[in-house]
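Below is the file target.csv, which contains CSV, C-alpha atoms (C1' of nucleotides).
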chain,number,residue,atom,x,y,z
Y,137,MET,CA,0.0,0.0,0.0
Y,138,SER,CA,1.9,3.1,-1.2
Y,139,SER,CA,0.9,6.6,-0.4
Y,140,ASP,CA,0.1,7.7,-4.0
Y,141,GLU,CA,-2.4,4.9,-4.4
Y,142,VAL,CA,-4.3,6.2,-1.3
Y,143,PHE,CA,-4.1,9.8,-2.5
Y,144,GLU,CA,-5.2,8.8,-6.0
Y,145,ALA,CA,-8.2,7.2,-4.3
Y,146,ILE,CA,-9.2,10.5,-2.8
Y,147,SER,CA,-8.1,13.0,-5.5
Y,148,HIS,CA,-11.6,13.6,-6.9
Y,149,PRO,CA,-14.4,15.6,-5.2
Y,150,LEU,CA,-16.9,12.8,-5.5
Y,151,ARG,CA,-14.5,10.3,-3.9
Y,152,ILE,CA,-14.0,12.6,-0.9
Y,153,ASP,CA,-17.8,12.8,-0.6
Y,154,ILE,CA,-17.9,9.0,-0.7
Y,155,LEU,CA,-15.1,8.8,1.9
Y,156,LYS,CA,-17.0,11.1,4.3
Y,157,THR,CA,-20.3,9.4,3.7
Y,158,LEU,CA,-18.9,5.9,4.3
Y,159,SER,CA,-17.0,7.1,7.4
Y,160,LYS,CA,-20.4,7.8,9.1
Y,161,LYS,CA,-21.7,4.3,8.5
Y,162,PRO,CA,-21.3,1.5,6.0
Y,163,LEU,CA,-23.8,1.6,3.1
Y,164,GLY,CA,-25.1,-0.5,0.2
Y,165,PHE,CA,-24.9,0.6,-3.4
Y,166,ALA,CA,-28.4,2.1,-3.7
Y,167,ASP,CA,-28.2,3.8,-0.3
Y,168,LEU,CA,-24.9,5.4,-1.3
Y,169,LYS,CA,-26.4,6.7,-4.5
Y,170,ARG,CA,-29.4,8.2,-2.6
Y,171,GLU,CA,-27.2,9.7,0.0
Y,172,LEU,CA,-25.0,11.4,-2.6
Y,173,ARG,CA,-28.0,12.3,-4.8
Y,174,ILE,CA,-26.4,10.6,-7.9
Y,175,THR,CA,-28.5,9.0,-10.6
Y,176,SER,CA,-25.8,7.2,-12.6
Y,177,SER,CA,-25.0,3.7,-11.4
Y,178,GLY,CA,-21.9,3.6,-13.6
Y,179,LEU,CA,-20.5,6.8,-11.9
Y,180,ILE,CA,-20.7,5.3,-8.4
Y,181,ASP,CA,-19.3,2.0,-9.7
Y,182,PHE,CA,-16.4,3.7,-11.4
Y,183,HIS,CA,-15.4,5.7,-8.4
Y,184,LEU,CA,-15.9,2.8,-5.9
Y,185,LYS,CA,-13.5,0.8,-8.1
Y,186,LYS,CA,-11.0,3.7,-8.0
Y,187,MET,CA,-11.3,3.6,-4.2
Y,188,ALA,CA,-10.5,-0.1,-4.0
Y,189,PRO,CA,-7.3,0.5,-1.9
Y,190,ILE,CA,-9.4,2.1,0.9
Y,191,VAL,CA,-12.9,0.6,0.6
Y,192,GLU,CA,-14.0,-3.0,1.5
Y,193,ARG,CA,-17.2,-4.9,1.8
Y,194,ASP,CA,-18.3,-5.9,5.3
Y,195,SER,CA,-20.0,-9.2,6.3
Y,196,ASP,CA,-23.4,-7.8,5.1
Y,197,GLY,CA,-21.9,-6.8,1.8
Y,198,LEU,CA,-22.0,-3.1,2.6
Y,199,TYR,CA,-19.2,-0.8,1.5
Y,200,THR,CA,-17.1,0.3,4.4
Y,201,LEU,CA,-13.7,2.0,4.9
Y,202,ASN,CA,-10.6,-0.1,5.9
Y,203,GLN,CA,-7.7,1.1,8.0
Y,204,ALA,CA,-6.2,2.9,5.1
Y,205,GLY,CA,-9.6,4.5,4.4
Y,206,PHE,CA,-9.7,6.0,7.9
Y,207,ALA,CA,-6.1,7.1,7.5
Y,208,ALA,CA,-7.2,8.8,4.3
Y,209,LEU,CA,-10.2,10.5,6.1
Y,210,TYR,CA,-7.8,11.6,8.7
Y,211,ALA,CA,-5.5,13.0,6.0
Y,212,VAL,CA,-8.4,14.9,4.5
Y,213,ASN,CA,-8.9,16.5,7.9
Y,214,VAL,CA,-5.2,17.2,8.3
Y,215,VAL,CA,-5.2,19.1,5.0
Y,216,SER,CA,-8.5,20.9,5.7
Y,217,ARG,CA,-7.1,22.2,8.9
Y,218,LYS,CA,-4.4,21.1,11.3
Y,219,GLY,CA,-6.5,22.4,14.2
Y,220,TRP,CA,-6.6,19.4,16.5
Y,221,GLN,CA,-2.8,19.4,16.9
Y,222,ARG,CA,-3.0,23.0,18.1
Y,223,ARG,CA,-5.9,22.0,20.4
Y,224,ALA,CA,-3.8,19.0,21.8
Y,225,LEU,CA,-1.0,21.4,22.6
Y,226,PHE,CA,-3.3,23.9,24.2
Y,227,SER,CA,-5.0,21.2,26.3
Y,228,ASN,CA,-1.6,20.0,27.5
Y,229,ILE,CA,-0.7,23.5,28.5
Y,230,GLY,CA,-4.1,23.8,30.2
Y,231,VAL,CA,-3.6,20.6,32.2
Y,232,TYR,CA,-0.1,21.9,33.1
Y,233,VAL,CA,-1.4,25.2,34.5
Y,234,VAL,CA,-4.4,23.7,36.3
Y,235,MET,CA,-2.2,21.0,37.8
Y,236,ASN,CA,0.4,23.4,39.1
Y,237,VAL,CA,-2.1,25.9,40.5
Y,238,TYR,CA,-3.9,23.0,42.2
Y,239,MET,CA,-0.6,21.9,43.8
Y,240,TRP,CA,0.2,25.4,44.9
Y,241,PHE,CA,-3.0,25.7,46.9
Y,242,ALA,CA,-3.2,22.0,48.0
Y,243,ILE,CA,0.4,21.4,49.2
Y,244,PRO,CA,2.6,24.5,48.5
Y,245,GLU,CA,5.6,23.1,50.3
Y,246,PHE,CA,5.9,20.4,47.6
Y,247,PHE,CA,5.0,22.7,44.7
Y,248,LEU,CA,8.4,22.4,43.1
Y,249,LEU,CA,8.3,18.6,43.1
Y,250,VAL,CA,5.4,18.9,40.6
Y,251,LEU,CA,6.5,22.1,38.8
Y,252,ILE,CA,9.9,20.7,37.6
Y,253,PRO,CA,8.8,17.5,35.9
Y,254,THR,CA,5.7,19.0,34.4
Y,255,THR,CA,7.6,22.0,33.1
Y,256,ALA,CA,10.2,19.6,31.5
Y,257,TRP,CA,7.3,17.7,29.9
Y,258,ILE,CA,5.5,20.8,28.6
Y,259,LEU,CA,8.7,22.2,27.2
Y,260,PHE,CA,9.4,19.0,25.4
Y,261,TYR,CA,5.9,18.7,24.1
Y,262,ALA,CA,5.8,22.3,22.8
Y,263,TYR,CA,9.2,21.8,21.1
Y,264,TRP,CA,7.9,18.6,19.5
Y,265,SER,CA,4.7,20.2,18.3
Y,266,ILE,CA,6.0,23.5,17.1
Y,267,VAL,CA,9.4,22.5,15.6
Y,268,LYS,CA,8.9,18.9,14.6
Y,269,ARG,CA,5.3,19.0,13.7
Y,270,ARG,CA,5.2,22.6,12.4
Y,271,VAL,CA,2.1,23.4,14.5
Y,272,HIS,CA,1.3,27.1,14.2
Y,273,LEU,CA,-0.1,28.6,17.4
Y,274,THR,CA,-2.2,31.3,15.7
Y,275,GLY,CA,-4.2,29.2,13.3
Y,276,ARG,CA,-4.0,32.0,10.7
Y,277,GLU,CA,-2.8,29.5,8.1
Y,278,ASN,CA,-6.2,27.9,8.2
Y,279,LYS,CA,-8.2,31.1,7.4
Y,280,ASP,CA,-9.2,29.8,3.9
Y,281,ALA,CA,-9.7,26.2,4.9
Y,282,GLU,CA,-12.9,24.4,4.1
Y,283,THR,CA,-15.8,25.1,6.5
Y,284,GLY,CA,-18.9,23.5,7.8
Y,285,ASP,CA,-17.4,20.1,8.2
Y,286,GLU,CA,-17.0,19.0,11.8
Y,287,SER,CA,-15.9,15.4,11.2
Y,288,GLN,CA,-16.2,13.0,14.1
Y,289,ASN,CA,-12.7,11.7,13.4
Y,290,GLU,CA,-10.8,14.7,14.5
S,206,MET,CA,-8.1,25.4,-1.5
S,207,SER,CA,-10.1,22.2,-1.6
S,208,SER,CA,-8.8,18.9,-0.3
S,209,ASP,CA,-9.0,17.1,-3.7
S,210,GLU,CA,-6.7,19.7,-5.3
S,211,VAL,CA,-4.1,19.0,-2.7
S,212,PHE,CA,-4.5,15.2,-3.0
S,213,GLU,CA,-4.4,15.5,-6.8
S,214,ALA,CA,-1.1,17.4,-6.3
S,215,ILE,CA,0.4,14.3,-4.5
S,216,SER,CA,-1.3,11.4,-6.2
S,217,HIS,CA,1.7,10.5,-8.4
S,218,PRO,CA,4.9,8.8,-7.1
S,219,LEU,CA,7.1,11.4,-8.6
S,220,ARG,CA,5.1,14.2,-7.0
S,221,ILE,CA,5.5,12.6,-3.6
S,222,ASP,CA,9.3,12.4,-4.3
S,223,ILE,CA,9.3,16.1,-5.2
S,224,LEU,CA,7.2,16.9,-2.0
S,225,LYS,CA,9.7,15.0,0.2
S,226,THR,CA,12.7,16.6,-1.6
S,227,LEU,CA,11.4,20.1,-1.3
S,228,SER,CA,10.5,19.6,2.4
S,229,LYS,CA,14.2,19.1,3.1
S,230,LYS,CA,15.2,22.4,1.5
S,231,PRO,CA,14.1,24.8,-1.3
S,232,LEU,CA,15.7,24.0,-4.6
S,233,GLY,CA,16.1,25.4,-8.1
S,234,PHE,CA,15.0,23.7,-11.3
S,235,ALA,CA,18.3,22.0,-12.2
S,236,ASP,CA,19.1,21.1,-8.6
S,237,LEU,CA,15.7,19.4,-8.3
S,238,LYS,CA,16.4,17.5,-11.5
S,239,ARG,CA,19.7,16.3,-10.2
S,240,GLU,CA,18.4,15.4,-6.8
S,241,LEU,CA,15.7,13.2,-8.4
S,242,ARG,CA,18.0,11.8,-11.1
S,243,ILE,CA,15.6,12.9,-13.9
S,244,THR,CA,16.9,13.9,-17.3
S,245,SER,CA,13.7,15.3,-18.8
S,246,SER,CA,13.0,19.0,-18.2
S,247,GLY,CA,9.4,18.7,-19.5
S,248,LEU,CA,8.7,16.0,-16.9
S,249,ILE,CA,9.7,18.2,-14.0
S,250,ASP,CA,7.9,21.1,-15.5
S,251,PHE,CA,4.7,19.1,-15.9
S,252,HIS,CA,4.7,17.8,-12.4
S,253,LEU,CA,5.7,21.1,-10.8
S,254,LYS,CA,2.7,22.8,-12.6
S,255,LYS,CA,0.5,20.0,-11.2
S,256,MET,CA,1.8,20.8,-7.8
S,257,ALA,CA,0.9,24.5,-8.1
S,258,PRO,CA,-1.5,24.4,-5.1
S,259,ILE,CA,1.2,23.3,-2.7
S,260,VAL,CA,4.5,24.7,-4.3
S,261,GLU,CA,5.6,28.3,-4.4
S,262,ARG,CA,8.7,30.3,-5.3
S,263,ASP,CA,10.7,31.9,-2.5
S,264,SER,CA,12.5,35.3,-2.7
S,265,ASP,CA,15.5,33.6,-4.5
S,266,GLY,CA,13.2,32.0,-7.1
S,267,LEU,CA,13.7,28.6,-5.6
S,268,TYR,CA,10.8,26.1,-5.4
S,269,THR,CA,9.5,25.7,-1.9
S,270,LEU,CA,6.4,24.2,-0.1
S,271,ASN,CA,3.7,26.5,1.2
S,272,GLN,CA,1.5,25.7,4.2
S,273,ALA,CA,-0.7,23.4,2.2
S,274,GLY,CA,2.5,21.7,1.0
S,275,PHE,CA,3.6,20.9,4.6
S,276,ALA,CA,0.1,19.8,5.4
S,277,ALA,CA,0.3,17.4,2.4
S,278,LEU,CA,3.7,16.1,3.6
S,279,TYR,CA,2.1,15.6,7.0
S,280,ALA,CA,-0.8,13.7,5.3
S,281,VAL,CA,1.7,11.5,3.5
S,282,ASN,CA,3.2,10.5,6.8
S,283,VAL,CA,-0.2,10.0,8.3
S,284,VAL,CA,-1.1,7.6,5.6
S,285,SER,CA,2.3,5.9,5.6
S,286,ARG,CA,1.9,5.1,9.3
S,287,LYS,CA,-0.2,6.6,12.1
S,288,GLY,CA,2.6,5.7,14.5
S,289,TRP,CA,3.2,9.0,16.2
S,290,GLN,CA,-0.3,9.1,17.5
S,291,ARG,CA,0.4,5.8,19.3
S,292,ARG,CA,3.7,7.1,20.5
S,293,ALA,CA,2.0,10.2,21.8
S,294,LEU,CA,-0.4,8.1,23.8
S,295,PHE,CA,2.3,5.9,25.2
S,296,SER,CA,4.5,8.9,26.1
S,297,ASN,CA,1.5,10.4,28.0
S,298,ILE,CA,1.0,7.1,29.8
S,299,GLY,CA,4.7,7.0,30.6
S,300,VAL,CA,4.6,10.5,32.1
S,301,TYR,CA,1.6,9.5,34.1
S,302,VAL,CA,3.3,6.4,35.6
S,303,VAL,CA,6.6,8.2,36.3
S,304,MET,CA,4.8,11.1,37.8
S,305,ASN,CA,2.8,9.0,40.2
S,306,VAL,CA,5.6,6.7,41.2
S,307,TYR,CA,7.7,9.8,41.8
S,308,MET,CA,5.0,11.3,44.0
S,309,TRP,CA,4.6,8.0,45.9
S,310,PHE,CA,8.2,8.1,47.0
S,311,ALA,CA,8.6,11.9,47.3
S,312,ILE,CA,5.5,12.7,49.4
S,313,PRO,CA,3.3,9.6,49.8
S,314,GLU,CA,0.8,11.4,52.1
S,315,PHE,CA,-0.3,13.6,49.2
S,316,PHE,CA,-0.1,10.8,46.6
S,317,LEU,CA,-3.9,10.9,45.9
S,318,LEU,CA,-3.8,14.6,45.2
S,319,VAL,CA,-1.8,13.9,42.1
S,320,LEU,CA,-3.2,10.4,41.3
S,321,ILE,CA,-6.8,11.6,40.9
S,322,PRO,CA,-6.3,14.5,38.4
S,323,THR,CA,-3.6,12.7,36.4
S,324,THR,CA,-5.8,9.6,36.2
S,325,ALA,CA,-8.8,11.7,35.0
S,326,TRP,CA,-6.5,13.2,32.3
S,327,ILE,CA,-5.0,9.9,31.1
S,328,LEU,CA,-8.5,8.3,30.9
S,329,PHE,CA,-9.7,11.3,28.8
S,330,TYR,CA,-6.7,11.2,26.6
S,331,ALA,CA,-6.9,7.5,26.0
S,332,TYR,CA,-10.6,7.7,25.2
S,333,TRP,CA,-9.9,10.6,22.8
S,334,SER,CA,-7.1,8.7,21.1
S,335,ILE,CA,-8.6,5.3,20.8
S,336,VAL,CA,-12.3,6.1,20.2
S,337,LYS,CA,-12.2,9.4,18.5
S,338,ARG,CA,-8.9,9.2,16.6
S,339,ARG,CA,-9.1,5.4,16.1
S,340,VAL,CA,-5.5,4.8,17.2
S,341,HIS,CA,-4.7,1.1,17.5
S,342,LEU,CA,-2.5,0.1,20.4
S,343,THR,CA,-0.9,-2.9,18.7
S,344,GLY,CA,0.3,-1.2,15.5
S,345,ARG,CA,-0.5,-4.3,13.5
S,346,GLU,CA,-2.3,-2.3,10.9
S,347,ASN,CA,1.0,-0.7,9.9
S,348,LYS,CA,2.8,-4.0,9.2
S,349,ASP,CA,2.8,-3.4,5.4
S,350,ALA,CA,3.4,0.3,5.5
S,351,GLU,CA,6.3,1.9,3.6
S,352,THR,CA,9.7,1.5,5.1
S,353,GLY,CA,13.0,3.3,5.2
S,354,ASP,CA,11.6,6.7,5.3
S,355,GLU,CA,12.1,8.4,8.6
S,356,SER,CA,10.8,11.9,7.8
S,357,GLN,CA,11.8,14.8,9.9
S,358,ASN,CA,8.2,15.9,10.0
S,359,GLU,CA,6.9,13.2,12.3
Q,318,DA,C1',32.8,33.3,-30.6
Q,319,DA,C1',31.6,28.7,-29.3
Q,320,DG,C1',30.3,25.8,-25.9
Q,321,DC,C1',28.0,24.8,-21.6
Q,322,DG,C1',24.8,25.2,-17.6
Q,323,DT,C1',20.5,27.1,-15.9
Q,324,DG,C1',15.7,27.4,-16.3
Q,325,DG,C1',12.5,26.7,-18.5
Q,326,DT,C1',8.2,26.2,-22.7
Q,327,DC,C1',5.8,23.6,-26.0
Q,328,DA,C1',3.7,20.0,-29.3
Q,329,DA,C1',2.7,15.3,-30.1
Q,330,DG,C1',0.8,11.0,-28.9
Q,331,DG,C1',-0.4,7.0,-26.2
Q,332,DA,C1',-2.4,5.7,-21.7
Q,333,DA,C1',-5.6,6.5,-18.2
Q,334,DT,C1',-9.6,8.9,-16.3
Q,335,DG,C1',-14.5,10.4,-16.0
Q,336,DT,C1',-19.3,10.2,-17.5
Q,337,DT,C1',-23.4,8.6,-19.7
Q,338,DG,C1',-26.7,5.4,-20.7
Q,339,DA,C1',-28.0,0.9,-22.1
Q,340,DC,C1',-28.1,-3.6,-20.4
Q,341,DT,C1',-28.1,-7.7,-16.9
Q,342,DT,C1',-29.2,-10.6,-13.1
Q,343,DG,C1',-31.6,-11.7,-9.0
Q,344,DC,C1',-35.1,-10.9,-5.7
Q,345,DT,C1',-39.8,-9.6,-4.0
Q,346,DG,C1',-44.6,-8.2,-3.7
Q,347,DG,C1',-49.1,-8.2,-5.8
F,1400,DC,C1',-46.1,-14.4,-13.8
F,1401,DC,C1',-44.5,-10.0,-14.4
F,1402,DA,C1',-43.4,-5.2,-12.7
F,1403,DG,C1',-40.2,-3.0,-10.2
F,1404,DC,C1',-36.2,-2.3,-7.5
F,1405,DA,C1',-31.4,-3.5,-6.0
F,1406,DA,C1',-26.9,-4.0,-7.4
F,1407,DG,C1',-24.3,-3.7,-10.4
F,1408,DT,C1',-21.5,-4.4,-15.5
F,1409,DC,C1',-20.1,-2.7,-19.9
F,1410,DA,C1',-19.2,-0.1,-24.3
F,1411,DA,C1',-18.4,4.3,-26.1
F,1412,DC,C1',-16.6,8.7,-26.1
F,1413,DA,C1',-14.6,13.1,-24.6
F,1414,DT,C1',-11.2,14.7,-21.7
F,1415,DT,C1',-7.2,14.7,-19.0
F,1416,DC,C1',-2.7,12.8,-17.7
F,1417,DC,C1',2.0,11.6,-18.4
F,1418,DT,C1',6.1,11.4,-21.0
F,1419,DT,C1',9.4,12.4,-24.5
F,1420,DG,C1',12.1,15.2,-27.1
F,1421,DA,C1',12.8,19.4,-29.5
F,1422,DC,C1',13.5,24.1,-28.8
F,1423,DC,C1',14.6,28.8,-26.6
F,1424,DA,C1',16.8,32.6,-23.9
F,1425,DC,C1',20.2,34.1,-20.9
F,1426,DG,C1',24.7,34.2,-18.6
F,1427,DC,C1',29.3,32.6,-17.9
F,1428,DT,C1',33.8,30.8,-19.3
F,1429,DT,C1',37.6,29.4,-22.0
Please render this file's structure as structure tokens.
Amino acid sequence: MSSDEVFEAISHPLRIDILKTLSKKPLGFADLKRELRITSSGLIDFHLKKMAPIVERDSDGLYTLNQAGFAALYAVNVVSRKGWQRRALFSNIGVYVVMNVYMWFAIPEFFLLVLIPTTAWILFYAYWSIVKRRVHLTGRENKDAETGDESQNE
Amino acid sequence: MSSDEVFEAISHPLRIDILKTLSKKPLGFADLKRELRITSSGLIDFHLKKMAPIVERDSDGLYTLNQAGFAALYAVNVVSRKGWQRRALFSNIGVYVVMNVYMWFAIPEFFLLVLIPTTAWILFYAYWSIVKRRVHLTGRENKDAETGDESQNE
DNA sequence: AAGCGTGGTCAAGGAATGTTGACTTGCTGG
DNA sequence: CCAGCAAGTCAACATTCCTTGACCACGCTT
């Protein structure tokens, strides 16, 4: 399974629609047509065959995403906006602050015992996120990203 | 900037090579040809034009990735293997264990004051990772992933 | 001045993609 | 038994993709 096969499988607007639709629940052929408001059977057939690397049939014969399919869905969300990485960093910082404030009021004499390791962790995590994963803190690079698509997979 | 444009820009093996090469450093036309061991100028020209949504020229006229380009690179790594998500979860669990063992030996009488909030956090993080982000703990789904490609962007 | 490297553009042609619409097969209710 | 729906398959055709190879303009060097 090489990367370009997976991206080929989602490099068409209709195929991204199919990906998102199947990520909600497995569907049969006619249900998929109805859901996407498409009349041509051949069209669905063609694109489903193109998506072979990421779509399988389940035990009921319904079309469903395989692991690579969910990775692809995930990739679509990554490209749409890298928001959750930023949220993960912020939630880590939030936990760090709450934890240390909590310790300060609960047992101030041992405050440093918590502050030092948590600070080390948060510095490492911020370095990893910002430098290695190129997470931008402002989110301005996502200004023109797609909207109205709060996927459950993020 | 829609998702399928970005995926179209990386749905060919050579374009993924270009993406990875330009992620290391911006390059000129001839340098890019040399780096990829390609003799045909037209071929590079064709694929660079295909990659227009994710490739720009910098102030020196060199080809370089824009934000969408780095998101695409990131997506390539996501599809190749979702490993870092698992490592992030494991590193959080590691910090949780070390932190609590440390507290147990440092100030056992206040052990619970740390155990309770950190446990709440780790349970939330595990739920979020496993259920919402479909991270698999075993890593077996990556057995046939691409190898020999330790990107700096992971 | 002739040759070479850089940084491309462009046309041609075969291969692959995208779409339509006709056709098939199997099942089910009336 | 036959109409109608589900679940596709397939041929045909226009369009797009991919690759090759020829060509061009500019600057530098010998």
key: Neighbours of chain Y in chain Q at 10 Å, counting all atoms listed in the file, as a ChimeraX atom specification   = /Q:334-338
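Within the 12 Å cut-off around DA1424 in chain F, using all atoms listed in the file and omitting residues fewer than 3 positions from it on the same chain, the listed residues are Q:DT323, Q:DG324, Q:DG325, Q:DT326.
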Create the file for the chosen residues now, containing C-alpha atoms (C1' of nucleotides) and written as a PDB file, in the coordinates of the input.
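Resulting contents of result_29.pdb:
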ATOM      1  C1'  DT Q 323      20.500  27.100 -15.900  1.00  0.00           C
ATOM      2  C1'  DG Q 324      15.700  27.400 -16.300  1.00  0.00           C
ATOM      3  C1'  DG Q 325      12.500  26.700 -18.500  1.00  0.00           C
ATOM      4  C1'  DT Q 326       8.200  26.200 -22.700  1.00  0.00           C
TER       5       DT Q 326
END
key: Separation of CA of Glu213 in chain S from C1' of DC1416 in chain F in Å   = 11.4 Å
10 Å contacts from chain F to chain Y using only C-alpha atoms (C1' of nucleotides), as a short mmCIF file (atom, residue, chain, number, x, y, z; two decimals) with C-alpha atoms (C1' of nucleotides), in the frame of the given file:
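Written file, selection03.cif:
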data_model
loop_
_atom_site.label_atom_id
_atom_site.label_comp_id
_atom_site.auth_asym_id
_atom_site.auth_seq_id
_atom_site.Cartn_x
_atom_site.Cartn_y
_atom_site.Cartn_z
"C1'" DC F 1404 -36.20 -2.30 -7.50
"C1'" DA F 1405 -31.40 -3.50 -6.00
"C1'" DA F 1406 -26.90 -4.00 -7.40
"C1'" DG F 1407 -24.30 -3.70 -10.40
"C1'" DT F 1408 -21.50 -4.40 -15.50
"C1'" DC F 1409 -20.10 -2.70 -19.90
#
remark   = Students should find that CA of Met239 in chain Y and CA of Leu251 in chain Y are spaced 8.7 Å
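Neighbours of Leu225 in chain Y closer than or equal to 8 Å, with only C-alpha atoms (C1' of nucleotides) counted and sequence neighbours fewer than 2 positions away skipped, come out as Gln221, Arg222, Arg223, Ser227, Asn228, Ile229, Tyr261, Ala262 and Ser265 of chain Y.
Ranking Y:Phe226, Y:Tyr210, Y:Tyr199, Y:Phe247 by their shortest atom-to-atom distance to chain S, with all atoms listed in the file included, puts Y:Tyr210 first.
The space between C1' of DC340 in chain Q and CA of Gly197 in chain Y spans 23.3 Å.
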message = Given all atoms listed in the file as the basis, pick out the residue of Y:Ala211, Y:Arg193, Y:Tyr263, Y:Ile243 nearest to chain S.
response = Y:Ala211
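Closest approach to chain S among Y:Ser195, Y:Thr254, Y:Thr175, Y:Thr157 is made by Y:Thr254 (distances from all atoms listed in the file).
If you count only C-alpha atoms (C1' of nucleotides) and draw a sphere of 9 Å around (35.1, 28.7, -20.9), the protein and nucleic acid residues inside it come out as DG320 and DC321 of chain Q; DC1427, DT1428 and DT1429 of chain F.
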May I ask you to restore N, CA and C atoms in range 171-188 of chain Y and write the result as a PDB file, in the coordinates of the input?
ATOM      1  N   GLU Y 171     -27.824   8.796  -0.904  1.00  0.00           N
ATOM      2  CA  GLU Y 171     -27.200   9.700   0.000  1.00  0.00           C
ATOM      3  C   GLU Y 171     -26.437  10.836  -0.727  1.00  0.00           C
ATOM      4  N   LEU Y 172     -25.802  10.476  -1.832  1.00  0.00           N
ATOM      5  CA  LEU Y 172     -25.000  11.400  -2.600  1.00  0.00           C
ATOM      6  C   LEU Y 172     -25.810  12.106  -3.702  1.00  0.00           C
ATOM      7  N   ARG Y 173     -27.092  11.726  -3.825  1.00  0.00           N
ATOM      8  CA  ARG Y 173     -28.000  12.300  -4.800  1.00  0.00           C
ATOM      9  C   ARG Y 173     -27.391  12.145  -6.245  1.00  0.00           C
ATOM     10  N   ILE Y 174     -26.985  10.916  -6.542  1.00  0.00           N
ATOM     11  CA  ILE Y 174     -26.400  10.600  -7.900  1.00  0.00           C
ATOM     12  C   ILE Y 174     -27.302   9.611  -8.559  1.00  0.00           C
ATOM     13  N   THR Y 175     -27.593   9.868  -9.832  1.00  0.00           N
ATOM     14  CA  THR Y 175     -28.500   9.000 -10.600  1.00  0.00           C
ATOM     15  C   THR Y 175     -27.789   7.899 -11.331  1.00  0.00           C
ATOM     16  N   SER Y 176     -26.559   8.195 -11.759  1.00  0.00           N
ATOM     17  CA  SER Y 176     -25.800   7.200 -12.600  1.00  0.00           C
ATOM     18  C   SER Y 176     -25.199   6.128 -11.773  1.00  0.00           C
ATOM     19  N   SER Y 177     -25.581   4.883 -12.059  1.00  0.00           N
ATOM     20  CA  SER Y 177     -25.000   3.700 -11.400  1.00  0.00           C
ATOM     21  C   SER Y 177     -23.501   3.602 -11.790  1.00  0.00           C
ATOM     22  N   GLY Y 178     -23.246   3.808 -13.070  1.00  0.00           N
ATOM     23  CA  GLY Y 178     -21.900   3.600 -13.600  1.00  0.00           C
ATOM     24  C   GLY Y 178     -20.903   4.561 -12.898  1.00  0.00           C
ATOM     25  N   LEU Y 179     -21.362   5.766 -12.580  1.00  0.00           N
ATOM     26  CA  LEU Y 179     -20.500   6.800 -11.900  1.00  0.00           C
ATOM     27  C   LEU Y 179     -20.031   6.265 -10.563  1.00  0.00           C
ATOM     28  N   ILE Y 180     -21.003   5.806  -9.769  1.00  0.00           N
ATOM     29  CA  ILE Y 180     -20.700   5.300  -8.400  1.00  0.00           C
ATOM     30  C   ILE Y 180     -19.751   4.058  -8.578  1.00  0.00           C
ATOM     31  N   ASP Y 181     -20.113   3.196  -9.513  1.00  0.00           N
ATOM     32  CA  ASP Y 181     -19.300   2.000  -9.700  1.00  0.00           C
ATOM     33  C   ASP Y 181     -17.877   2.340 -10.079  1.00  0.00           C
ATOM     34  N   PHE Y 182     -17.716   3.300 -11.005  1.00  0.00           N
ATOM     35  CA  PHE Y 182     -16.400   3.700 -11.400  1.00  0.00           C
ATOM     36  C   PHE Y 182     -15.549   4.214 -10.230  1.00  0.00           C
ATOM     37  N   HIS Y 183     -16.152   5.100  -9.446  1.00  0.00           N
ATOM     38  CA  HIS Y 183     -15.400   5.700  -8.400  1.00  0.00           C
ATOM     39  C   HIS Y 183     -15.162   4.727  -7.200  1.00  0.00           C
ATOM     40  N   LEU Y 184     -16.122   3.840  -6.967  1.00  0.00           N
ATOM     41  CA  LEU Y 184     -15.900   2.800  -5.900  1.00  0.00           C
ATOM     42  C   LEU Y 184     -14.734   1.915  -6.330  1.00  0.00           C
ATOM     43  N   LYS Y 185     -14.621   1.596  -7.611  1.00  0.00           N
ATOM     44  CA  LYS Y 185     -13.500   0.800  -8.100  1.00  0.00           C
ATOM     45  C   LYS Y 185     -12.166   1.513  -7.896  1.00  0.00           C
ATOM     46  N   LYS Y 186     -12.203   2.830  -8.158  1.00  0.00           N
ATOM     47  CA  LYS Y 186     -11.000   3.700  -8.000  1.00  0.00           C
ATOM     48  C   LYS Y 186     -10.589   3.667  -6.489  1.00  0.00           C
ATOM     49  N   MET Y 187     -11.578   3.536  -5.627  1.00  0.00           N
ATOM     50  CA  MET Y 187     -11.300   3.600  -4.200  1.00  0.00           C
ATOM     51  C   MET Y 187     -10.990   2.241  -3.593  1.00  0.00           C
ATOM     52  N   ALA Y 188     -10.754   1.259  -4.447  1.00  0.00           N
ATOM     53  CA  ALA Y 188     -10.500  -0.100  -4.000  1.00  0.00           C
ATOM     54  C   ALA Y 188      -9.450  -0.207  -2.863  1.00  0.00           C
TER      55      ALA Y 188
END
